[in-house]
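Peer 1: Sharing target.csv, CSV, C-alpha atoms and all ligand atoms:
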chain,number,residue,atom,x,y,z
A,1,MET,CA,-34.7,-19.7,41.3
A,2,ASN,CA,-34.9,-16.3,39.7
A,3,LEU,CA,-31.8,-15.8,37.6
A,4,SER,CA,-32.5,-12.2,36.4
A,5,GLY,CA,-31.3,-10.6,39.7
A,6,PRO,CA,-32.7,-8.1,42.2
A,7,GLU,CA,-32.8,-5.2,39.8
A,8,ASP,CA,-35.1,-7.0,37.4
A,9,PRO,CA,-37.4,-9.1,39.5
A,10,PHE,CA,-40.0,-11.3,37.8
A,11,SER,CA,-43.3,-10.6,39.5
A,12,GLU,CA,-46.4,-12.7,39.4
A,13,ALA,CA,-48.1,-10.1,37.2
A,14,ASP,CA,-45.6,-10.8,34.4
A,15,THR,CA,-46.5,-13.6,32.0
A,16,PRO,CA,-43.5,-15.4,30.6
A,17,VAL,CA,-43.1,-15.2,26.9
A,18,ASP,CA,-43.8,-18.5,25.1
A,19,LEU,CA,-40.4,-19.1,23.4
A,20,GLU,CA,-40.0,-22.5,21.9
A,21,GLU,CA,-37.1,-24.6,23.0
A,22,VAL,CA,-35.5,-25.6,19.7
A,23,ASP,CA,-33.4,-28.7,18.8
A,24,SER,CA,-30.6,-27.1,17.0
A,25,LEU,CA,-29.3,-23.6,16.3
A,26,GLU,CA,-26.8,-22.4,13.7
A,27,ALA,CA,-25.3,-19.0,13.2
A,28,ILE,CA,-23.4,-17.8,10.2
A,29,VAL,CA,-21.4,-14.6,10.8
A,30,ILE,CA,-21.8,-12.7,7.5
A,31,ILE,CA,-20.2,-9.5,8.8
A,32,ASP,CA,-18.0,-8.7,11.8
A,33,ASN,CA,-15.1,-6.5,12.5
A,34,GLU,CA,-12.7,-9.4,12.8
A,35,LEU,CA,-11.4,-12.2,10.6
A,36,ASP,CA,-9.7,-15.2,12.0
A,37,PRO,CA,-10.1,-18.3,9.8
A,38,LEU,CA,-7.4,-20.2,11.8
A,39,SER,CA,-8.2,-20.4,15.5
A,40,PRO,CA,-10.2,-23.5,16.6
A,41,PRO,CA,-12.9,-22.9,19.2
A,42,ALA,CA,-12.4,-23.7,22.9
A,43,PRO,CA,-13.3,-27.3,23.6
A,44,ASP,CA,-16.9,-28.1,24.6
A,45,THR,CA,-18.3,-24.7,23.4
A,46,VAL,CA,-19.6,-24.8,19.8
A,47,GLN,CA,-18.8,-26.6,16.6
A,48,LEU,CA,-17.1,-24.2,14.2
A,49,ALA,CA,-16.7,-24.3,10.5
A,50,GLY,CA,-15.6,-21.6,8.1
A,51,ASN,CA,-11.9,-22.0,8.7
A,52,LEU,CA,-9.4,-22.2,5.9
A,53,GLY,CA,-9.6,-26.0,5.9
A,54,THR,CA,-13.4,-26.1,5.4
A,55,ILE,CA,-13.1,-23.3,2.7
A,56,GLY,CA,-10.6,-25.4,0.9
A,57,MET,CA,-12.7,-28.6,1.2
A,58,GLY,CA,-15.7,-26.7,-0.2
A,59,SER,CA,-13.7,-25.2,-3.0
A,60,THR,CA,-15.1,-25.5,-6.5
A,61,HIS,CA,-11.7,-25.1,-8.0
A,62,ASN,CA,-10.9,-28.7,-8.8
A,63,LEU,CA,-7.3,-29.6,-9.8
A,64,THR,CA,-6.0,-32.2,-12.2
A,65,ASP,CA,-2.4,-30.9,-12.6
A,66,ARG,CA,-0.9,-31.1,-9.1
A,67,GLY,CA,-0.4,-34.7,-8.1
A,68,GLU,CA,-2.6,-35.7,-5.2
A,69,ALA,CA,-4.0,-32.2,-4.6
A,70,CYS,CA,-7.5,-32.2,-5.8
A,71,LYS,CA,-8.7,-28.7,-4.8
A,72,GLU,CA,-7.2,-25.3,-4.7
A,73,LEU,CA,-7.9,-23.0,-1.7
A,74,ARG,CA,-8.5,-19.6,-3.1
A,75,LEU,CA,-8.2,-16.7,-0.7
A,76,GLY,CA,-10.7,-14.9,-2.8
A,77,ASP,CA,-13.2,-17.3,-1.2
A,78,VAL,CA,-12.4,-16.0,2.3
A,79,CYS,CA,-14.8,-13.3,3.8
A,80,CYS,CA,-13.7,-9.8,4.4
A,81,ALA,CA,-14.1,-8.0,7.8
A,82,ALA,CA,-16.0,-4.7,8.0
A,83,HIS,CA,-17.0,-2.5,10.9
A,84,GLY,CA,-20.5,-3.8,11.6
A,85,LEU,CA,-22.5,-7.0,12.2
A,86,SER,CA,-24.7,-9.3,10.3
A,87,ILE,CA,-25.6,-12.8,11.6
A,88,LEU,CA,-27.8,-15.4,9.9
A,89,VAL,CA,-29.5,-17.5,12.5
A,90,THR,CA,-31.3,-20.8,11.7
A,91,ALA,CA,-33.3,-22.8,14.3
A,92,THR,CA,-34.7,-26.3,13.9
A,93,LYS,CA,-37.2,-28.2,15.9
A,94,GLY,CA,-38.4,-31.6,14.6
A,95,ASP,CA,-39.0,-31.1,10.9
A,96,GLN,CA,-39.6,-27.3,11.3
A,97,LYS,CA,-36.9,-24.9,10.4
A,98,HIS,CA,-36.8,-21.1,10.5
A,99,THR,CA,-34.2,-18.5,9.5
A,100,ILE,CA,-33.8,-14.9,10.6
A,101,LEU,CA,-31.2,-12.4,9.5
A,102,PHE,CA,-30.0,-10.2,12.4
A,103,ASP,CA,-28.7,-7.0,10.9
A,104,ALA,CA,-27.0,-6.4,7.5
A,105,GLY,CA,-23.7,-4.7,8.3
A,106,PRO,CA,-22.5,-1.3,7.2
A,107,GLU,CA,-22.5,-1.4,3.4
A,108,GLU,CA,-24.2,-3.2,0.6
A,109,GLU,CA,-21.0,-4.3,-1.1
A,110,ALA,CA,-19.7,-5.9,2.1
A,111,TRP,CA,-22.9,-8.0,2.5
A,112,GLU,CA,-23.0,-9.0,-1.1
A,113,ARG,CA,-19.3,-9.9,-1.2
A,114,ASN,CA,-19.4,-12.1,1.9
A,115,VAL,CA,-22.7,-13.8,0.9
A,116,LYS,CA,-21.2,-14.7,-2.5
A,117,ARG,CA,-18.2,-16.2,-0.7
A,118,LEU,CA,-20.2,-18.0,2.1
A,119,ARG,CA,-23.1,-19.1,-0.2
A,120,PRO,CA,-25.6,-19.5,2.7
A,121,ASP,CA,-29.2,-20.4,1.8
A,122,ILE,CA,-30.6,-16.8,1.8
A,123,ALA,CA,-33.8,-17.9,0.0
A,124,SER,CA,-34.8,-19.4,3.4
A,125,ILE,CA,-34.7,-16.0,5.2
A,126,GLU,CA,-38.2,-15.2,6.4
A,127,VAL,CA,-37.5,-12.2,8.7
A,128,VAL,CA,-34.8,-9.6,8.9
A,129,GLN,CA,-34.4,-8.0,12.3
A,130,LEU,CA,-32.7,-4.6,12.5
A,131,SER,CA,-31.2,-4.3,16.0
A,132,HIS,CA,-31.0,-0.5,16.0
A,133,TRP,CA,-30.7,2.5,13.8
A,134,HIS,CA,-27.0,2.8,13.3
A,135,ARG,CA,-25.5,2.6,9.8
A,136,ASP,CA,-23.0,-0.2,10.7
A,137,HIS,CA,-26.0,-2.5,11.2
A,138,SER,CA,-28.5,-1.1,8.6
A,139,GLY,CA,-26.3,0.0,5.7
A,140,GLY,CA,-26.5,-3.3,3.9
A,141,LEU,CA,-30.2,-3.7,4.2
A,142,PRO,CA,-31.5,-2.6,0.8
A,143,ARG,CA,-29.3,-4.9,-1.2
A,144,ALA,CA,-29.7,-7.7,1.3
A,145,ILE,CA,-33.5,-7.4,0.8
A,146,ARG,CA,-33.1,-7.5,-3.0
A,147,MET,CA,-30.8,-10.4,-2.9
A,148,ILE,CA,-33.0,-12.4,-0.6
A,149,LYS,CA,-36.1,-11.6,-2.7
A,150,ASP,CA,-34.2,-12.6,-5.9
A,151,ALA,CA,-33.1,-15.9,-4.3
A,152,LYS,CA,-36.7,-16.6,-3.3
A,153,GLN,CA,-37.9,-15.9,-6.8
A,154,ALA,CA,-35.3,-18.2,-8.2
A,155,GLU,CA,-36.9,-21.0,-6.1
A,156,SER,CA,-40.4,-19.9,-6.9
A,157,ARG,CA,-41.0,-18.9,-3.3
A,158,SER,CA,-43.7,-16.2,-3.0
A,159,GLU,CA,-43.7,-15.6,0.7
A,160,ASP,CA,-43.2,-12.1,2.2
A,161,LEU,CA,-39.9,-11.0,3.5
A,162,VAL,CA,-40.6,-9.1,6.8
A,163,VAL,CA,-38.1,-6.4,8.0
A,164,ASP,CA,-38.7,-6.1,11.7
A,165,LEU,CA,-37.5,-2.7,13.0
A,166,HIS,CA,-38.0,-0.1,15.7
A,167,PRO,CA,-40.4,2.7,14.5
A,168,ASP,CA,-38.3,5.5,15.8
A,169,ARG,CA,-35.9,6.1,12.9
A,170,PRO,CA,-33.7,9.1,13.4
A,171,SER,CA,-33.0,11.4,10.5
A,172,TYR,CA,-29.3,11.3,11.4
A,173,ARG,CA,-27.3,10.1,14.3
A,174,GLY,CA,-23.9,11.4,15.3
A,175,ILE,CA,-21.2,11.8,17.9
A,176,ALA,CA,-20.5,15.1,19.7
A,177,LEU,CA,-16.8,15.7,20.0
A,178,PRO,CA,-15.4,18.6,22.0
A,179,GLU,CA,-14.9,20.7,18.9
A,180,HIS,CA,-17.7,19.6,16.6
A,181,ILE,CA,-20.3,17.0,15.8
A,182,ILE,CA,-19.6,14.1,13.4
A,183,SER,CA,-22.7,12.9,11.7
A,184,LEU,CA,-23.2,9.3,10.6
A,185,GLU,CA,-24.7,8.5,7.2
A,186,ALA,CA,-28.5,8.2,7.2
A,187,ASP,CA,-30.0,4.8,7.7
A,188,PRO,CA,-32.0,3.3,4.8
A,189,THR,CA,-35.5,4.7,4.9
A,190,PHE,CA,-38.7,2.6,5.4
A,191,GLU,CA,-39.6,3.5,1.7
A,192,GLU,CA,-36.2,2.2,0.4
A,193,MET,CA,-36.7,-1.1,2.2
A,194,GLU,CA,-40.3,-1.4,0.9
A,195,SER,CA,-39.2,-0.6,-2.7
A,196,ALA,CA,-36.5,-3.2,-2.3
A,197,GLY,CA,-39.3,-5.7,-1.7
A,198,ALA,CA,-39.6,-6.0,2.1
A,199,VAL,CA,-42.8,-5.8,4.2
A,200,VAL,CA,-41.8,-3.3,7.0
A,201,ASP,CA,-43.0,-4.2,10.5
A,202,LYS,CA,-42.4,-1.5,13.1
A,203,ARG,CA,-42.1,-2.9,16.6
A,204,SER,CA,-41.0,-1.4,19.9
A,205,GLU,CA,-42.5,-4.1,22.3
A,206,PRO,CA,-41.2,-7.7,22.8
A,207,HIS,CA,-42.7,-10.2,20.4
A,208,THR,CA,-42.0,-13.7,19.1
A,209,VAL,CA,-41.7,-14.5,15.4
A,210,LEU,CA,-41.6,-17.6,13.3
A,211,ASP,CA,-43.7,-20.0,15.4
A,212,ASN,CA,-42.1,-18.7,18.6
A,213,PHE,CA,-38.7,-19.9,17.6
A,214,PHE,CA,-37.3,-16.4,18.1
A,215,LEU,CA,-38.0,-13.6,20.5
A,216,VAL,CA,-37.3,-10.0,19.4
A,217,SER,CA,-36.8,-8.0,22.6
A,218,GLY,CA,-38.4,-4.6,22.2
A,219,GLU,CA,-36.8,-1.8,24.1
A,220,ILE,CA,-34.4,-3.2,26.7
A,221,PRO,CA,-34.8,-2.0,30.3
A,222,ARG,CA,-31.7,-0.4,31.7
A,223,VAL,CA,-31.3,-2.1,35.1
A,224,THR,CA,-27.5,-2.0,35.8
A,225,PRO,CA,-26.1,1.2,37.1
A,226,TYR,CA,-23.1,1.2,34.8
A,227,GLU,CA,-24.6,0.5,31.3
A,228,THR,CA,-25.6,4.0,30.6
A,229,GLY,CA,-25.7,4.1,26.8
A,230,LEU,CA,-23.4,5.6,24.2
A,231,ARG,CA,-21.5,8.5,25.5
A,232,ASN,CA,-21.8,11.7,23.5
A,233,ALA,CA,-24.3,10.2,21.1
A,234,VAL,CA,-26.6,12.8,19.4
A,235,ARG,CA,-29.4,12.8,16.9
A,236,TYR,CA,-30.4,15.5,14.4
A,237,ASP,CA,-33.9,17.0,14.4
A,238,PRO,CA,-34.4,18.4,10.9
A,239,HIS,CA,-37.4,20.5,12.0
A,240,GLU,CA,-35.5,22.3,14.7
A,241,LYS,CA,-32.3,22.1,12.6
A,242,GLU,CA,-30.4,21.1,15.8
A,243,TRP,CA,-28.6,18.2,17.3
A,244,PHE,CA,-29.9,16.7,20.6
A,245,SER,CA,-28.4,14.3,23.1
A,246,ASP,CA,-29.4,10.7,22.4
A,247,GLU,CA,-27.2,8.6,24.6
A,248,ALA,CA,-29.8,6.0,25.5
A,249,ILE,CA,-30.1,4.6,21.9
A,250,GLN,CA,-33.5,3.5,23.2
A,251,ASP,CA,-34.5,1.8,19.9
A,252,GLU,CA,-31.9,-1.0,20.4
A,253,ARG,CA,-33.5,-4.5,20.5
A,254,ALA,CA,-31.8,-7.9,20.9
A,255,LEU,CA,-32.7,-11.3,19.6
A,256,PHE,CA,-33.3,-14.4,21.8
A,257,CYS,CA,-33.6,-18.1,21.2
A,258,ASN,CA,-33.9,-21.1,23.5
A,259,LEU,CA,-31.6,-24.0,22.9
A,260,LYS,CA,-30.9,-25.9,26.2
A,261,GLY,CA,-31.0,-22.3,27.6
A,262,LEU,CA,-31.1,-18.8,26.3
A,263,VAL,CA,-29.0,-17.7,23.3
A,264,VAL,CA,-28.7,-13.9,23.3
A,265,PHE,CA,-27.8,-12.0,20.2
A,266,THR,CA,-27.0,-8.4,21.0
A,267,ALA,CA,-25.7,-6.3,18.1
A,268,CYS,CA,-24.0,-3.3,19.7
A,269,SER,CA,-25.1,-3.4,23.4
A,270,HIS,CA,-25.7,0.4,23.7
A,271,ALA,CA,-28.5,-0.9,26.1
A,272,GLY,CA,-25.8,-3.0,27.8
A,273,VAL,CA,-24.9,-6.6,27.2
A,274,VAL,CA,-25.7,-7.5,30.9
A,275,ASN,CA,-29.1,-5.6,30.5
A,276,ALA,CA,-29.9,-7.4,27.3
A,277,THR,CA,-29.0,-10.8,28.8
A,278,LYS,CA,-31.0,-10.1,32.0
A,279,HIS,CA,-33.9,-9.0,29.9
A,280,ALA,CA,-33.9,-12.3,28.0
A,281,VAL,CA,-34.0,-14.2,31.4
A,282,HIS,CA,-36.7,-11.9,32.6
A,283,LEU,CA,-39.0,-12.1,29.6
A,284,THR,CA,-38.9,-15.9,29.7
A,285,GLY,CA,-39.9,-16.1,33.3
A,286,GLY,CA,-36.6,-15.8,35.2
A,287,THR,CA,-35.8,-19.5,35.4
A,288,VAL,CA,-34.3,-20.4,32.0
A,289,PRO,CA,-30.5,-20.5,32.2
A,290,VAL,CA,-28.3,-18.5,29.8
A,291,HIS,CA,-26.5,-20.7,27.3
A,292,ALA,CA,-24.7,-18.2,25.1
A,293,VAL,CA,-24.2,-14.5,24.6
A,294,VAL,CA,-23.3,-13.4,21.1
A,295,GLY,CA,-22.5,-10.1,19.3
A,296,GLY,CA,-21.1,-6.7,19.9
A,297,PHE,CA,-20.7,-5.8,23.6
A,298,HIS,CA,-19.5,-2.2,22.9
A,299,LEU,CA,-16.7,-2.2,25.4
A,300,ALA,CA,-14.0,-1.1,23.0
A,301,THR,CA,-14.1,2.5,24.2
A,302,SER,CA,-15.0,1.7,27.9
A,303,ASP,CA,-12.6,2.3,30.7
A,304,ALA,CA,-11.0,-0.7,32.5
A,305,ASP,CA,-13.4,-0.5,35.5
A,306,GLN,CA,-16.4,-0.7,33.2
A,307,VAL,CA,-15.0,-3.7,31.3
A,308,GLU,CA,-14.2,-5.5,34.6
A,309,THR,CA,-17.6,-4.8,36.1
A,310,THR,CA,-19.4,-5.9,32.9
A,311,VAL,CA,-17.4,-9.1,32.5
A,312,LYS,CA,-17.9,-10.0,36.2
A,313,ASP,CA,-21.6,-9.6,35.9
A,314,LEU,CA,-21.7,-11.6,32.7
A,315,LYS,CA,-19.9,-14.3,34.5
A,316,ARG,CA,-22.6,-14.3,37.2
A,317,LEU,CA,-25.1,-15.0,34.5
A,318,ASP,CA,-23.1,-18.1,33.8
A,319,PRO,CA,-23.3,-18.6,30.0
A,320,ALA,CA,-21.6,-21.7,28.7
A,321,VAL,CA,-20.5,-19.9,25.6
A,322,ILE,CA,-19.6,-16.3,25.1
A,323,MET,CA,-19.1,-14.9,21.6
A,324,PRO,CA,-17.9,-11.3,21.7
A,325,GLY,CA,-17.5,-9.6,18.3
A,326,HIS,CA,-18.0,-6.3,16.4
A,327,CYS,CA,-17.6,-3.4,18.9
A,328,THR,CA,-16.5,-5.5,21.9
A,329,GLY,CA,-12.8,-4.5,21.6
A,330,TRP,CA,-9.7,-6.6,22.3
A,331,ARG,CA,-9.3,-5.5,25.9
A,332,ALA,CA,-12.8,-6.8,26.8
A,333,LYS,CA,-12.1,-10.0,25.0
A,334,PHE,CA,-8.9,-10.4,27.0
A,335,ALA,CA,-10.9,-9.8,30.2
A,336,ILE,CA,-13.5,-12.4,29.2
A,337,GLU,CA,-10.8,-15.0,28.6
A,338,LYS,CA,-9.2,-14.1,31.9
A,339,HIS,CA,-12.4,-14.2,34.0
A,340,MET,CA,-14.3,-16.9,32.0
A,341,PRO,CA,-11.6,-19.2,30.7
A,342,GLY,CA,-12.7,-21.8,28.2
A,343,SER,CA,-16.0,-20.2,27.3
A,344,MET,CA,-15.0,-17.7,24.7
A,345,VAL,CA,-15.5,-18.2,21.0
A,346,PRO,CA,-14.7,-14.9,19.2
A,347,CYS,CA,-17.5,-13.9,16.8
A,348,THR,CA,-15.4,-13.6,13.6
A,349,VAL,CA,-16.6,-13.1,10.1
A,350,GLY,CA,-17.2,-16.2,8.0
A,351,SER,CA,-17.7,-18.4,11.1
A,352,ARG,CA,-20.4,-21.1,10.8
A,353,ILE,CA,-21.3,-21.9,14.4
A,354,THR,CA,-23.5,-24.8,15.6
A,355,PHE,CA,-24.4,-24.3,19.2
A,401,FE,FE,-22.5,-1.2,16.0
Here is a file; write its structure as structure tokens.
Peer 2:
Amino acid sequence: MNLSGPEDPFSEADTPVDLEEVDSLEAIVIIDNELDPLSPPAPDTVQLAGNLGTIGMGSTHNLTDRGEACKELRLGDVCCAAHGLSILVTATKGDQKHTILFDAGPEEEAWERNVKRLRPDIASIEVVQLSHWHRDHSGGLPRAIRMIKDAKQAESRSEDLVVDLHPDRPSYRGIALPEHIISLEADPTFEEMESAGAVVDKRSEPHTVLDNFFLVSGEIPRVTPYETGLRNAVRYDPHEKEWFSDEAIQDERALFCNLKGLVVFTACSHAGVVNATKHAVHLTGGTVPVHAVVGGFHLATSDADQVETTVKDLKRLDPAVIMPGHCTGWRAKFAIEKHMPGSMVPCTVGSRITF
């Protein structure tokens, strides 16, 4: 059965990507727009830690002065939300383990603060993938690279830290409003990342990394008629000294794993969450089912029709788990819960998810 659908047929000329099926997969949400350390996940979806109970259990503030209470839960140990996304993904197969960082959020302070609170094993990060050139995903990169390199050095680990990104870095991106253009801050430069200690690897084609545990998508084909990019997006050309339309955000790339089915990490879905998911199915031969879709679905500013159409097509792809976060927006989360009850686990900051 071909699961990718009529718009994206898998022909005999295509060779399926050799993506390893791993034994276990863990994701730690270092940055997301939303914080919710209380809600338990829907039954039979994922195992979720990072709630107030687990933060209290892991507290290093031991007590001897309050009767039976042995630890103090400090709210200063809870992560802070920020507009952006950063997810640490670790896959294990047999005695092999690999870790990739998917984006680094909007600002260095946010990444550092949450990493200090979550205390994940950042020395084990081997590759950092930047999903696309937008500051809410790239802004934390230089300090993240420095902190990862320092953590490696503290463990006498000399291996490279690869930053895997699309080569087409715009000077500036922005949004054209009716009256004027709002520019975003520039993304970190290749040189900034290199001087922070990273090996920059520029890629626009699909490729696997880390013993084929992960598949980085390359540019995502736009096969649905309704996922048409980011409305009013523009980029600045410093040579022409002019802004040009850039709605496709063609450089966006997703991250795929295979754990009893495809796990799709899509950071902002300017390419479309359905397109990204169909692309994962397509690249792997059209027969691997979808297990989970995670990340920003960029439906917060979409109209009701677009939200309904997207959610209905996501439902057709039949993921067991759906983890909307970042730019998905509450209306789309509500629609997901309505159309796909029992499958949603909101992707909130500080969550430690075992799929
Ligand atoms: Fe974003």
Peer 1: Once you count all atoms listed in the file, which residues end up within 12 Å of ligand FE 401 (chain A), and could you hand them over as a PyMOL selection string?
Peer 2: chain A and resi 31-33+82-86+103-106+130-139+184+230+249+252+266-271+295-300+325-329
Peer 1: Which one is closest to Leu215 in chain A: A:Val46, A:Val293, A:Ala280, A:Ile125? Count all atoms listed in the file.
Peer 2: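 Nearest candidate to Leu215 in chain A out of A:Val46, A:Val293, A:Ala280, A:Ile125: A:Ala280.
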Peer 1: Using only C-alpha atoms, which residues sit within 8 Å of His207 in chain A once same-chain residues fewer than 5 positions away are excluded, as a list in words?
Peer 2: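 Using only C-alpha atoms, the neighbours found are Leu215, Val216, Ser217 and Gly218 of chain A.
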Peer 1: Which polymer residues have any atom within 7 Å of an atom of Glu26 in chain A, counting all atoms listed in the file, with same-chain residues fewer than 5 positions away left out, as a list in words?
Peer 2: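 Counting all atoms listed in the file, the residues come to Val89, Thr90, Ala91, Ile353, Thr354 and Phe355 of chain A.
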Peer 1: Separation of CA of Gly272 in chain A and CA of Pro221 in chain A, in Å?
Peer 2: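 So the answer is 9.4 Å.
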Peer 1: Determine, for each residue of range 243-326 of chain A having at least one atom at most 7 Å from an atom of range 16-19 of chain A, the closest pair of atoms and their separation in Å to one decimal, counting all atoms listed in the file; order by chain and ascending number, as JSON lines.
Peer 2:
{"residue": "A:Asn258", "atom": "CA", "partner": "A:Leu19", "partner_atom": "CA", "distance": 6.8}
{"residue": "A:Leu283", "atom": "CA", "partner": "A:Pro16", "partner_atom": "CA", "distance": 5.7}
{"residue": "A:Thr284", "atom": "CA", "partner": "A:Pro16", "partner_atom": "CA", "distance": 4.7}
{"residue": "A:Gly285", "atom": "CA", "partner": "A:Pro16", "partner_atom": "CA", "distance": 4.6}
Peer 1: Which residue is closest to Gly140 in chain A? Choose from A:Ala110, A:Ile28, A:Val209, A:Leu63 and count only C-alpha atoms.
Peer 2: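 Smallest distance to Gly140 in chain A is found for A:Ala110.
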Peer 1: Taking all atoms listed in the file into account, which of A:Ala123, A:Ser156, A:Val29, A:Glu34 comes nearest Val294 in chain A?
Peer 2: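 The closest residue to Val294 in chain A is A:Val29.
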Peer 1: My list of candidates is A:Val288, A:Ala196, A:Cys79, A:Ile220. Which is closest to Arg119 in chain A when distances are computed with only C-alpha atoms?
Peer 2: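 Selected residue with least distance to Arg119 in chain A: A:Cys79.
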Peer 1: CA of Thr310 in chain A to CA of His339 in chain A: how many Å, to one decimal?
Peer 2: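 If I compute the distance from CA of Thr310 in chain A to CA of His339 in chain A, I get 10.9 Å.
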Peer 1: Can you list, as a VMD selection string, every protein, DNA or RNA residue that comes within 9 Å of Met344 in chain A when you count only C-alpha atoms, leaving out same-chain residues fewer than 2 positions away?
Peer 2: chain A and resid 41 to 42 45 320 to 324 333 336 to 337 340 to 342 346
Peer 1: What is the CA of Glu219 in chain A to CA of Leu165 in chain A distance in Å?
Peer 2: 11.2 Å
Peer 1: Show me the residues around (-40.4, -6.8, 2.5) - criterion: an atom at most 8 Å away, only C-alpha atoms counted - as a list in words.
Peer 2: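 Here is the list of nearby residues: Ile145, Asp160, Leu161, Val162, Val163, Met193, Glu194, Ala196, Gly197, Ala198, Val199 and Val200 of chain A.
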Peer 1: In terms of the shortest atom-to-atom distance over only C-alpha atoms, which of A:Asp305, A:Thr99, A:Cys257, A:Val128 is closest to Asn212 in chain A?
Peer 2: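 Going through A:Asp305, A:Thr99, A:Cys257, A:Val128 one by one, the smallest distance to Asn212 in chain A is for A:Cys257.
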Peer 1: At a cut-off of 8 Å, using all atoms listed in the file, what residues contact Val281 in chain A? Leave out same-chain residues fewer than 3 positions from it and give the result as number ranges by chain.
Peer 2: A: 3-4, 262, 277-278, 284-290
Peer 1: Would you pull range 44-70 of chain A out of the block just shown and save C-alpha atoms as an mmCIF file, in the first residue's frame?
Peer 2:
data_model
loop_
_atom_site.group_PDB
_atom_site.id
_atom_site.type_symbol
_atom_site.label_atom_id
_atom_site.label_comp_id
_atom_site.auth_asym_id
_atom_site.auth_seq_id
_atom_site.Cartn_x
_atom_site.Cartn_y
_atom_site.Cartn_z
ATOM 1 C CA ASP A 44 -1.487 5.042 25.264
ATOM 2 C CA THR A 45 0.350 7.878 23.525
ATOM 3 C CA VAL A 46 3.758 8.590 25.076
ATOM 4 C CA GLN A 47 5.447 8.468 28.451
ATOM 5 C CA LEU A 48 5.815 12.002 29.716
ATOM 6 C CA ALA A 49 8.123 13.350 32.410
ATOM 7 C CA GLY A 50 9.014 16.931 33.218
ATOM 8 C CA ASN A 51 5.870 17.757 35.170
ATOM 9 C CA LEU A 52 6.034 19.433 38.574
ATOM 10 C CA GLY A 53 6.082 16.053 40.326
ATOM 11 C CA THR A 54 9.185 14.852 38.471
ATOM 12 C CA ILE A 55 10.884 18.238 38.894
ATOM 13 C CA GLY A 56 10.242 17.968 42.653
ATOM 14 C CA MET A 57 11.510 14.376 42.758
ATOM 15 C CA GLY A 58 14.675 15.420 40.944
ATOM 16 C CA SER A 59 15.182 18.487 43.146
ATOM 17 C CA THR A 60 18.646 18.885 44.645
ATOM 18 C CA HIS A 61 17.230 21.037 47.454
ATOM 19 C CA ASN A 62 17.103 18.467 50.249
ATOM 20 C CA LEU A 63 15.197 19.262 53.417
ATOM 21 C CA THR A 64 15.798 18.351 57.041
ATOM 22 C CA ASP A 65 13.528 20.926 58.690
ATOM 23 C CA ARG A 66 10.009 20.088 57.461
ATOM 24 C CA GLY A 67 8.964 16.796 58.967
ATOM 25 C CA GLU A 68 8.442 14.113 56.343
ATOM 26 C CA ALA A 69 9.136 16.466 53.407
ATOM 27 C CA CYS A 70 12.583 15.586 52.090
#
